[in-house]
Structure formats: structure tokens, C-alpha cells
Amino acid sequence: MGPVPPPGEFLRVELERRGWGQAELAKVVGRPLPTINEIIQGKRAILPEMAVALGAAFGTGALLWLQRESAYRLSLVEQSDPETRARARLFDFAPVKDMERRGWITPRRKAHDLEAALCRFFHVPSLEAPLRLTASARQPLVADEFTVSQRAWLFRAAQLAAMLHTRPFHPEGLEAGLASLRKLASSAEGVRHVPRVPAELGVRLVVVEPLPRTRLDGAAFWLQDDQPVIVLSLRYDRIDWFWHTLAHELSHIRHGDKRSVDANLVGESRSEPLN
């Protein structure tokens with residue numbers, strides 16, 4: 001944006017055209033002479049009330065003077081603002097505020113520090129690099145498959161799952177071990193023992209509270225070809241929801257599905273446990 005003259009320059013033109021001085025204008029608009037002088041010198045901004053008065057005095061309307069004032073003030077400000085542009089890009093890339101609130105990343109004031117924190121969270125050298133949810137290079141995470149909140153939720157689940165120790169996974173062992181889970185499902189107390197059974201079957205079970213507006217129930221994916229992961233959100237405090245979602249995600253593992261993200265498996269309208 002090139003230089004923009006202050007509104008005072010236009011005021012001088014109007015006064016010369018009418019043969020008025022500043023004192024005459026002050027009398028016409030009912031304002032102190034120092035106020036008029038400061039506006040002409042560019043030391044005082046034209047506020048809406050003054051714009052209305054000038055518009056009435058010169059027959060131009062108030063909007064013209066507000067536009068001249070805004071254009072002048074904007075011309076005095078640096079227009080590029082790369083820091084804000086960089087932060088906006090990062091907030092488009094990930095649910096930054098929610099991630100900070102959960103402690104997934106440390107709050108950062110500078111955009112380059114925030115970008116570095118996001119790169120560490122997503123395990124990439126730069127945010128332009130392809131995101132890979134799994135350690136297997138054959139299973140890249142295609143960004144368009146998920147919302148930014150779903151994507152962050154999945155990566156947090158992968159971080160937690162990578163820290164778990166389980167027995168080696170064997171598909172045939174999973175089939176045999178499902179009977180143990182069915183027995184646990186027969187009583188409410190059985191839920192307490194659920195984490196032990198998947199670990200013995202080689203399945204990493206983690207719980208990650210869903211981020212706002214994601215409405216996720218669970219997901220199944222693989223850290224490696226022999227390291228399946230099930231993540232539950234527990235967004236409903238209902239035993240039927242828990243067992244239904246766990247069974248659904250286990251079915252993905254049984255069938256070797258590479259990655260599945262599920263929502264509304266039981267339905268939000270249900271308020272009572274299933275019989």
C-alpha cells in the first residue's frame with residue numbers, strides 16, 4: 001500500500017474551497033478549535049461522531065471521512081504480518097488449543113516454536129512432509145482421510161500405544177483369546193481385567209479422550225505389521241458402549257484391516273444400556 005494522505009489534507013482543501021479557517025470550522029461543527037487543529041495535523045483520529053459532523057458541514061456524508069481515516073491509519077501499519085500468517089497456518093494444520101489444553105504439546109508464543117512442537121508430535125521433519133500414523137512405510141497417513149482433530153487424536157493414541165509392552169501378536173492366538181473377553185463381558189466387574197487380556201494377545205489397548213467435535217468412538221490400526229492397536233475414546237459412560245466398541249475394533253484386527261476410525265457405533269440417542 002502506497003502513502004495515503006491524512007484526512008487533514010482533505011479538510012484543508014474543503015476549507016480553502018469555502019474560504020473558511022479552522023476557527024470557522026470549529027464553530028460550524030461545534031467542536032473546540034484545538035480538536036480541529038489536531039485532526040488537520042494528523043494527531044487526532046476522526047471518530048464516528050466527528051465524521052457525522054464533518055459530513056453534515058461539507059455535505060459529503062459521514063462514511064467518506066471514516067473511510068479516509070481508516071485508509072490513513074491502515075497505511076501506517078506494517079501490512080505483511082508474517083507471524084500471524086504463520087500461526088494461522090499452524091492452527092489450520094492441527095487443533096492447537098485443544099492439544100495444549102491436554103498437555104500433548106507445550107504452549108508456545110512464537111510460530112516457529114509452535115511449528116517445531118507440532119513436528120515433534122507428528123514425528124516429521126517439517127509439516128509439509130507426509131504424515132505416517134504407523135511405523136510401517138507401507139501405511140502412510142493420508143491427511144485428507146481425517147479431520148485435523150481426528151488426526152491428532154490418532155497420533156496421540158499411537159504415542160501411548162508405542163510405550164506399552166505386550167506379548168507377540170499371532171492371529172491364531174487372537175481367535176483363541178476372544179473367549180476370555182466374552183467371559184469378562186458377562187459381569188460388570190469384568191471390565192477391570194480387560195486391559196490384561198488384549199496385552200496377552202499382543203494387542204495394545206489405549207484410551208484417549210476425544211477432542212471436541214470429533215465424536216469418535218474408537219479406532220484400530222497397526223504400529224507395525226505385528227503390532228495392532230485399539231484406541232477407545234470412552235465418550236459415553238456406558239458399559240454397553242464399551243463392549244460394543246471394543247468388539248467392533250477387535251473385528252478390524254481379526255480381519256487385518258490396516259486402519260479404521262469409527263464414530264456413532266452405538267448411537268447418541270441411546271441413554272440406557274443395551275439388553
# chains A, B, ... in the order shown; residues from 1 in each chain; ligands from 1

call {"tool": "residues_around", "arguments": {"residues": "Glu100 of chain A", "least_positions_apart": "4", "cutoff": "12 Å", "atoms": "only C-alpha atoms", "output": "PDB file with all heavy atoms, in the first residue's frame"}}
result
ATOM      1  N   PHE A  91      -2.678 -23.357  13.060  1.00  0.00           N
ATOM      2  CA  PHE A  91      -3.989 -23.639  13.640  1.00  0.00           C
ATOM      3  C   PHE A  91      -4.894 -24.344  12.631  1.00  0.00           C
ATOM      4  O   PHE A  91      -5.836 -25.027  13.015  1.00  0.00           O
ATOM      5  CB  PHE A  91      -4.640 -22.352  14.148  1.00  0.00           C
ATOM      6  CG  PHE A  91      -4.229 -21.987  15.550  1.00  0.00           C
ATOM      7  CD1 PHE A  91      -2.935 -21.569  15.828  1.00  0.00           C
ATOM      8  CD2 PHE A  91      -5.127 -22.073  16.595  1.00  0.00           C
ATOM      9  CE1 PHE A  91      -2.536 -21.240  17.120  1.00  0.00           C
ATOM     10  CE2 PHE A  91      -4.756 -21.745  17.894  1.00  0.00           C
ATOM     11  CZ  PHE A  91      -3.452 -21.330  18.159  1.00  0.00           C
ATOM     12  N   ALA A  94      -3.552 -28.241  12.806  1.00  0.00           N
ATOM     13  CA  ALA A  94      -3.826 -29.064  13.983  1.00  0.00           C
ATOM     14  C   ALA A  94      -4.701 -28.300  14.969  1.00  0.00           C
ATOM     15  O   ALA A  94      -4.721 -27.062  14.965  1.00  0.00           O
ATOM     16  CB  ALA A  94      -2.504 -29.470  14.654  1.00  0.00           C
ATOM     17  N   PRO A  95      -5.429 -29.013  15.838  1.00  0.00           N
ATOM     18  CA  PRO A  95      -6.229 -28.351  16.874  1.00  0.00           C
ATOM     19  C   PRO A  95      -5.337 -27.879  18.020  1.00  0.00           C
ATOM     20  O   PRO A  95      -5.333 -28.446  19.119  1.00  0.00           O
ATOM     21  CB  PRO A  95      -7.193 -29.456  17.319  1.00  0.00           C
ATOM     22  CG  PRO A  95      -6.426 -30.712  17.122  1.00  0.00           C
ATOM     23  CD  PRO A  95      -5.598 -30.484  15.883  1.00  0.00           C
ATOM     24  N   VAL A  96      -4.577 -26.842  17.758  1.00  0.00           N
ATOM     25  CA  VAL A  96      -3.502 -26.418  18.658  1.00  0.00           C
ATOM     26  C   VAL A  96      -3.998 -26.161  20.072  1.00  0.00           C
ATOM     27  O   VAL A  96      -3.416 -26.645  21.053  1.00  0.00           O
ATOM     28  CB  VAL A  96      -2.806 -25.153  18.092  1.00  0.00           C
ATOM     29  CG1 VAL A  96      -1.812 -24.585  19.109  1.00  0.00           C
ATOM     30  CG2 VAL A  96      -2.108 -25.475  16.785  1.00  0.00           C
ATOM     31  N   TRP A 104      -0.598 -32.254  25.309  1.00  0.00           N
ATOM     32  CA  TRP A 104       0.052 -33.022  24.243  1.00  0.00           C
ATOM     33  C   TRP A 104       1.233 -32.249  23.663  1.00  0.00           C
ATOM     34  O   TRP A 104       2.210 -32.837  23.210  1.00  0.00           O
ATOM     35  CB  TRP A 104      -0.938 -33.346  23.128  1.00  0.00           C
ATOM     36  CG  TRP A 104      -2.063 -34.239  23.580  1.00  0.00           C
ATOM     37  CD1 TRP A 104      -2.245 -34.768  24.825  1.00  0.00           C
ATOM     38  CD2 TRP A 104      -3.168 -34.695  22.801  1.00  0.00           C
ATOM     39  NE1 TRP A 104      -3.391 -35.526  24.868  1.00  0.00           N
ATOM     40  CE2 TRP A 104      -3.979 -35.493  23.640  1.00  0.00           C
ATOM     41  CE3 TRP A 104      -3.551 -34.510  21.472  1.00  0.00           C
ATOM     42  CZ2 TRP A 104      -5.143 -36.104  23.185  1.00  0.00           C
ATOM     43  CZ3 TRP A 104      -4.711 -35.103  21.020  1.00  0.00           C
ATOM     44  CH2 TRP A 104      -5.497 -35.896  21.857  1.00  0.00           C
ATOM     45  N   ILE A 105       1.112 -30.929  23.644  1.00  0.00           N
ATOM     46  CA  ILE A 105       2.226 -30.068  23.258  1.00  0.00           C
ATOM     47  C   ILE A 105       2.305 -28.938  24.277  1.00  0.00           C
ATOM     48  O   ILE A 105       1.314 -28.614  24.930  1.00  0.00           O
ATOM     49  CB  ILE A 105       2.073 -29.480  21.830  1.00  0.00           C
ATOM     50  CG1 ILE A 105       0.779 -28.657  21.728  1.00  0.00           C
ATOM     51  CG2 ILE A 105       2.113 -30.565  20.774  1.00  0.00           C
ATOM     52  CD1 ILE A 105       0.632 -27.925  20.401  1.00  0.00           C
ATOM     53  N   THR A 106       3.486 -28.353  24.411  1.00  0.00           N
ATOM     54  CA  THR A 106       3.678 -27.236  25.328  1.00  0.00           C
ATOM     55  C   THR A 106       3.284 -25.932  24.640  1.00  0.00           C
ATOM     56  O   THR A 106       3.663 -25.706  23.495  1.00  0.00           O
ATOM     57  CB  THR A 106       5.145 -27.150  25.769  1.00  0.00           C
ATOM     58  OG1 THR A 106       5.524 -28.393  26.363  1.00  0.00           O
ATOM     59  CG2 THR A 106       5.357 -26.031  26.767  1.00  0.00           C
ATOM     60  N   PRO A 107       2.515 -25.066  25.296  1.00  0.00           N
ATOM     61  CA  PRO A 107       2.127 -23.790  24.669  1.00  0.00           C
ATOM     62  C   PRO A 107       3.347 -22.985  24.247  1.00  0.00           C
ATOM     63  O   PRO A 107       4.333 -22.886  24.991  1.00  0.00           O
ATOM     64  CB  PRO A 107       1.345 -23.077  25.783  1.00  0.00           C
ATOM     65  CG  PRO A 107       0.822 -24.183  26.639  1.00  0.00           C
ATOM     66  CD  PRO A 107       1.885 -25.244  26.619  1.00  0.00           C
ATOM     67  N   ARG A 108       3.282 -22.424  23.060  1.00  0.00           N
ATOM     68  CA  ARG A 108       4.372 -21.612  22.504  1.00  0.00           C
ATOM     69  C   ARG A 108       3.811 -20.296  21.988  1.00  0.00           C
ATOM     70  O   ARG A 108       2.730 -20.261  21.406  1.00  0.00           O
ATOM     71  CB  ARG A 108       5.056 -22.347  21.346  1.00  0.00           C
ATOM     72  CG  ARG A 108       5.522 -23.766  21.674  1.00  0.00           C
ATOM     73  CD  ARG A 108       6.748 -23.765  22.551  1.00  0.00           C
ATOM     74  NE  ARG A 108       7.223 -25.124  22.800  1.00  0.00           N
ATOM     75  CZ  ARG A 108       8.313 -25.408  23.472  1.00  0.00           C
ATOM     76  NH1 ARG A 108       9.060 -24.419  23.973  1.00  0.00           N
ATOM     77  NH2 ARG A 108       8.680 -26.664  23.662  1.00  0.00           N
ATOM     78  N   ARG A 109       4.560 -19.235  22.192  1.00  0.00           N
ATOM     79  CA  ARG A 109       4.108 -17.916  21.730  1.00  0.00           C
ATOM     80  C   ARG A 109       4.547 -17.654  20.298  1.00  0.00           C
ATOM     81  O   ARG A 109       3.811 -17.064  19.522  1.00  0.00           O
ATOM     82  CB  ARG A 109       4.649 -16.819  22.647  1.00  0.00           C
ATOM     83  CG  ARG A 109       4.130 -16.911  24.078  1.00  0.00           C
ATOM     84  CD  ARG A 109       4.486 -15.673  24.885  1.00  0.00           C
ATOM     85  NE  ARG A 109       3.908 -14.469  24.310  1.00  0.00           N
ATOM     86  CZ  ARG A 109       4.043 -13.265  24.827  1.00  0.00           C
ATOM     87  NH1 ARG A 109       4.738 -13.097  25.927  1.00  0.00           N
ATOM     88  NH2 ARG A 109       3.480 -12.213  24.245  1.00  0.00           N
ATOM     89  N   LEU A 114       6.091 -23.118  17.903  1.00  0.00           N
ATOM     90  CA  LEU A 114       4.895 -23.947  17.834  1.00  0.00           C
ATOM     91  C   LEU A 114       5.021 -24.962  16.706  1.00  0.00           C
ATOM     92  O   LEU A 114       4.652 -26.135  16.863  1.00  0.00           O
ATOM     93  CB  LEU A 114       3.666 -23.063  17.623  1.00  0.00           C
ATOM     94  CG  LEU A 114       2.328 -23.792  17.420  1.00  0.00           C
ATOM     95  CD1 LEU A 114       2.032 -24.714  18.589  1.00  0.00           C
ATOM     96  CD2 LEU A 114       1.212 -22.788  17.223  1.00  0.00           C
ATOM     97  N   ALA A 117       7.134 -27.784  17.807  1.00  0.00           N
ATOM     98  CA  ALA A 117       6.420 -28.667  18.729  1.00  0.00           C
ATOM     99  C   ALA A 117       5.480 -29.597  17.969  1.00  0.00           C
ATOM    100  O   ALA A 117       5.362 -30.787  18.288  1.00  0.00           O
ATOM    101  CB  ALA A 117       5.643 -27.839  19.744  1.00  0.00           C
ATOM    102  N   LEU A 118       4.812 -29.086  16.948  1.00  0.00           N
ATOM    103  CA  LEU A 118       3.920 -29.923  16.149  1.00  0.00           C
ATOM    104  C   LEU A 118       4.703 -30.958  15.351  1.00  0.00           C
ATOM    105  O   LEU A 118       4.261 -32.106  15.192  1.00  0.00           O
ATOM    106  CB  LEU A 118       3.083 -29.058  15.209  1.00  0.00           C
ATOM    107  CG  LEU A 118       2.024 -28.180  15.876  1.00  0.00           C
ATOM    108  CD1 LEU A 118       1.361 -27.267  14.851  1.00  0.00           C
ATOM    109  CD2 LEU A 118       0.977 -29.025  16.589  1.00  0.00           C
ATOM    110  N   PHE A 121       5.462 -33.731  17.675  1.00  0.00           N
ATOM    111  CA  PHE A 121       4.275 -34.526  17.993  1.00  0.00           C
ATOM    112  C   PHE A 121       3.944 -35.486  16.862  1.00  0.00           C
ATOM    113  O   PHE A 121       3.610 -36.652  17.099  1.00  0.00           O
ATOM    114  CB  PHE A 121       3.095 -33.595  18.257  1.00  0.00           C
ATOM    115  CG  PHE A 121       1.819 -34.315  18.591  1.00  0.00           C
ATOM    116  CD1 PHE A 121       1.545 -34.696  19.900  1.00  0.00           C
ATOM    117  CD2 PHE A 121       0.887 -34.616  17.598  1.00  0.00           C
ATOM    118  CE1 PHE A 121       0.364 -35.375  20.212  1.00  0.00           C
ATOM    119  CE2 PHE A 121      -0.283 -35.290  17.904  1.00  0.00           C
ATOM    120  CZ  PHE A 121      -0.543 -35.672  19.214  1.00  0.00           C
ATOM    121  N   ALA A 152      -4.950 -35.694  15.072  1.00  0.00           N
ATOM    122  CA  ALA A 152      -4.188 -35.502  16.309  1.00  0.00           C
ATOM    123  C   ALA A 152      -4.539 -36.578  17.338  1.00  0.00           C
ATOM    124  O   ALA A 152      -3.665 -37.078  18.053  1.00  0.00           O
ATOM    125  CB  ALA A 152      -4.468 -34.106  16.878  1.00  0.00           C
ATOM    126  N   LEU A 211     -11.245 -35.364  21.271  1.00  0.00           N
ATOM    127  CA  LEU A 211     -11.172 -33.919  21.197  1.00  0.00           C
ATOM    128  C   LEU A 211     -12.555 -33.366  20.857  1.00  0.00           C
ATOM    129  O   LEU A 211     -13.407 -34.079  20.317  1.00  0.00           O
ATOM    130  CB  LEU A 211     -10.160 -33.500  20.131  1.00  0.00           C
ATOM    131  CG  LEU A 211      -8.697 -33.841  20.447  1.00  0.00           C
ATOM    132  CD1 LEU A 211      -7.823 -33.571  19.237  1.00  0.00           C
ATOM    133  CD2 LEU A 211      -8.203 -33.060  21.645  1.00  0.00           C
TER     134      LEU A 211
END

call {"tool": "residues_around", "arguments": {"residues": "Phe146 of chain A", "least_positions_apart": "2", "cutoff": "12 Å", "atoms": "only C-alpha atoms", "output": "PyMOL selection string"}}
result
chain A and resi 93-94+131+133+141-144+148-155+214+216+259-262

call {"tool": "write_last_selection", "arguments": {"atoms": "N, CA and C atoms", "output": "mmCIF file, in the first residue's frame"}}
result
data_model
loop_
_atom_site.group_PDB
_atom_site.id
_atom_site.type_symbol
_atom_site.label_atom_id
_atom_site.label_comp_id
_atom_site.auth_asym_id
_atom_site.auth_seq_id
_atom_site.Cartn_x
_atom_site.Cartn_y
_atom_site.Cartn_z
ATOM 1 N N PHE A 93 -3.587 -26.540 10.576
ATOM 2 C CA PHE A 93 -2.972 -27.864 10.463
ATOM 3 C C PHE A 93 -3.379 -28.787 11.604
ATOM 4 N N ALA A 94 -3.552 -28.241 12.806
ATOM 5 C CA ALA A 94 -3.826 -29.064 13.983
ATOM 6 C C ALA A 94 -4.701 -28.300 14.969
ATOM 7 N N LEU A 131 2.487 -37.382 6.624
ATOM 8 C CA LEU A 131 2.294 -37.884 7.981
ATOM 9 C C LEU A 131 2.099 -39.394 7.931
ATOM 10 N N LEU A 133 1.025 -42.448 10.357
ATOM 11 C CA LEU A 133 0.499 -42.862 11.645
ATOM 12 C C LEU A 133 1.243 -44.068 12.183
ATOM 13 N N LEU A 141 -0.223 -42.094 6.415
ATOM 14 C CA LEU A 141 -1.490 -41.463 6.778
ATOM 15 C C LEU A 141 -1.805 -40.400 5.739
ATOM 16 N N VAL A 142 -2.883 -40.586 5.011
ATOM 17 C CA VAL A 142 -3.303 -39.598 4.026
ATOM 18 C C VAL A 142 -4.105 -38.530 4.749
ATOM 19 N N ALA A 143 -3.604 -37.299 4.727
ATOM 20 C CA ALA A 143 -4.190 -36.232 5.545
ATOM 21 C C ALA A 143 -5.667 -36.014 5.243
ATOM 22 N N ASP A 144 -6.064 -36.178 3.967
ATOM 23 C CA ASP A 144 -7.445 -35.910 3.590
ATOM 24 C C ASP A 144 -8.428 -36.919 4.165
ATOM 25 N N VAL A 148 -8.503 -32.549 11.191
ATOM 26 C CA VAL A 148 -7.269 -32.274 11.928
ATOM 27 C C VAL A 148 -7.371 -32.789 13.362
ATOM 28 N N SER A 149 -8.573 -32.741 13.952
ATOM 29 C CA SER A 149 -8.745 -33.229 15.322
ATOM 30 C C SER A 149 -8.664 -34.745 15.379
ATOM 31 N N GLN A 150 -9.262 -35.439 14.410
ATOM 32 C CA GLN A 150 -9.156 -36.889 14.362
ATOM 33 C C GLN A 150 -7.706 -37.317 14.190
ATOM 34 N N ARG A 151 -6.997 -36.599 13.341
ATOM 35 C CA ARG A 151 -5.606 -36.935 13.072
ATOM 36 C C ARG A 151 -4.766 -36.792 14.327
ATOM 37 N N ALA A 152 -4.950 -35.694 15.072
ATOM 38 C CA ALA A 152 -4.188 -35.502 16.309
ATOM 39 C C ALA A 152 -4.539 -36.578 17.338
ATOM 40 N N TRP A 153 -5.812 -36.929 17.416
ATOM 41 C CA TRP A 153 -6.263 -37.969 18.352
ATOM 42 C C TRP A 153 -5.593 -39.308 18.040
ATOM 43 N N LEU A 154 -5.517 -39.650 16.764
ATOM 44 C CA LEU A 154 -4.882 -40.900 16.362
ATOM 45 C C LEU A 154 -3.390 -40.916 16.688
ATOM 46 N N PHE A 155 -2.725 -39.797 16.452
ATOM 47 C CA PHE A 155 -1.289 -39.745 16.743
ATOM 48 C C PHE A 155 -1.034 -39.830 18.239
ATOM 49 N N THR A 214 -15.156 -34.154 17.604
ATOM 50 C CA THR A 214 -14.690 -35.292 16.804
ATOM 51 C C THR A 214 -15.703 -36.425 16.794
ATOM 52 N N LEU A 216 -15.692 -39.326 18.068
ATOM 53 C CA LEU A 216 -15.068 -40.612 17.776
ATOM 54 C C LEU A 216 -15.372 -41.618 18.879
ATOM 55 N N ARG A 259 -6.405 -49.829 8.851
ATOM 56 C CA ARG A 259 -6.705 -48.685 9.706
ATOM 57 C C ARG A 259 -8.198 -48.410 9.626
ATOM 58 N N SER A 260 -8.832 -48.203 10.763
ATOM 59 C CA SER A 260 -10.259 -47.906 10.788
ATOM 60 C C SER A 260 -10.543 -46.936 11.919
ATOM 61 N N VAL A 261 -11.318 -45.912 11.616
ATOM 62 C CA VAL A 261 -11.748 -44.932 12.612
ATOM 63 C C VAL A 261 -13.269 -44.938 12.630
ATOM 64 N N ASP A 262 -13.857 -45.158 13.810
ATOM 65 C CA ASP A 262 -15.296 -45.356 13.897
ATOM 66 C C ASP A 262 -15.964 -44.322 14.796
#

call {"tool": "residues_around", "arguments": {"residues": "Ala62 of chain A", "least_positions_apart": "4", "cutoff": "7 Å", "atoms": "only C-alpha atoms", "output": "list in words"}}
result
Ala51, Val52, Leu54, Gly55 and Leu66 of chain A

call {"tool": "write_last_selection", "arguments": {"atoms": "all heavy atoms", "output": "PDB file, in the first residue's frame"}}
result
ATOM      1  N   ALA A  51     -17.065  12.358  12.302  1.00  0.00           N
ATOM      2  CA  ALA A  51     -17.336  12.066  10.893  1.00  0.00           C
ATOM      3  C   ALA A  51     -18.735  12.523  10.513  1.00  0.00           C
ATOM      4  O   ALA A  51     -18.951  13.071   9.419  1.00  0.00           O
ATOM      5  CB  ALA A  51     -17.174  10.568  10.632  1.00  0.00           C
ATOM      6  N   VAL A  52     -19.691  12.304  11.397  1.00  0.00           N
ATOM      7  CA  VAL A  52     -21.055  12.755  11.137  1.00  0.00           C
ATOM      8  C   VAL A  52     -21.098  14.285  11.022  1.00  0.00           C
ATOM      9  O   VAL A  52     -21.748  14.846  10.120  1.00  0.00           O
ATOM     10  CB  VAL A  52     -21.999  12.266  12.257  1.00  0.00           C
ATOM     11  CG1 VAL A  52     -23.381  12.927  12.119  1.00  0.00           C
ATOM     12  CG2 VAL A  52     -22.127  10.745  12.208  1.00  0.00           C
ATOM     13  N   LEU A  54     -18.594  16.390  10.248  1.00  0.00           N
ATOM     14  CA  LEU A  54     -17.908  16.854   9.028  1.00  0.00           C
ATOM     15  C   LEU A  54     -18.755  16.563   7.792  1.00  0.00           C
ATOM     16  O   LEU A  54     -18.803  17.369   6.859  1.00  0.00           O
ATOM     17  CB  LEU A  54     -16.543  16.169   8.917  1.00  0.00           C
ATOM     18  CG  LEU A  54     -15.513  16.552   9.977  1.00  0.00           C
ATOM     19  CD1 LEU A  54     -14.249  15.710   9.823  1.00  0.00           C
ATOM     20  CD2 LEU A  54     -15.168  18.042   9.894  1.00  0.00           C
ATOM     21  N   GLY A  55     -19.387  15.393   7.792  1.00  0.00           N
ATOM     22  CA  GLY A  55     -20.238  15.063   6.653  1.00  0.00           C
ATOM     23  C   GLY A  55     -21.396  16.030   6.501  1.00  0.00           C
ATOM     24  O   GLY A  55     -21.776  16.407   5.377  1.00  0.00           O
ATOM     25  N   LEU A  66     -14.862   8.617   7.505  1.00  0.00           N
ATOM     26  CA  LEU A  66     -14.417   7.405   8.203  1.00  0.00           C
ATOM     27  C   LEU A  66     -13.520   6.563   7.298  1.00  0.00           C
ATOM     28  O   LEU A  66     -12.525   5.991   7.744  1.00  0.00           O
ATOM     29  CB  LEU A  66     -15.629   6.591   8.659  1.00  0.00           C
ATOM     30  CG  LEU A  66     -16.413   7.126   9.857  1.00  0.00           C
ATOM     31  CD1 LEU A  66     -17.615   6.235  10.137  1.00  0.00           C
ATOM     32  CD2 LEU A  66     -15.520   7.213  11.094  1.00  0.00           C
TER      33      LEU A  66
END

call {"tool": "select_by_dssp", "arguments": {"residues": "segment 42-260 of chain A", "states": "alpha helix (DSSP H)", "output": "count of residues only"}}
result
107

call {"tool": "residues_around", "arguments": {"residues": "His252 of chain A", "least_positions_apart": "5", "cutoff": "9 Å", "atoms": "only C-alpha atoms", "output": "NGL selection string"}}
result
:A and (219-221 or 247 or 257-260)

call {"tool": "atom_distance", "arguments": {"atom1": "atom CA of Ser80 of chain A", "atom2": "atom CA of Phe122 of chain A"}}
result
28.9 Å

call {"tool": "residues_around", "arguments": {"residues": "Glu69 of chain A", "least_positions_apart": "3", "cutoff": "12 Å", "atoms": "only C-alpha atoms", "output": "count of residues only"}}
result
29

call {"tool": "closest_residue", "arguments": {"among": "A:Val203, A:Leu127, A:Ala26, A:Ala56", "to": "Leu223 of chain A", "atoms": "only C-alpha atoms"}}
result
A:Val203

call {"tool": "closest_residue", "arguments": {"among": "A:Gln159, A:Trp243, A:Glu145, A:Val207", "to": "Leu181 of chain A", "atoms": "only C-alpha atoms"}}
result
A:Trp243

call {"tool": "closest_residue", "arguments": {"among": "A:Ala185, A:His170, A:Ala157, A:Asn37", "to": "Asp240 of chain A", "atoms": "only C-alpha atoms"}}
result
A:Ala185
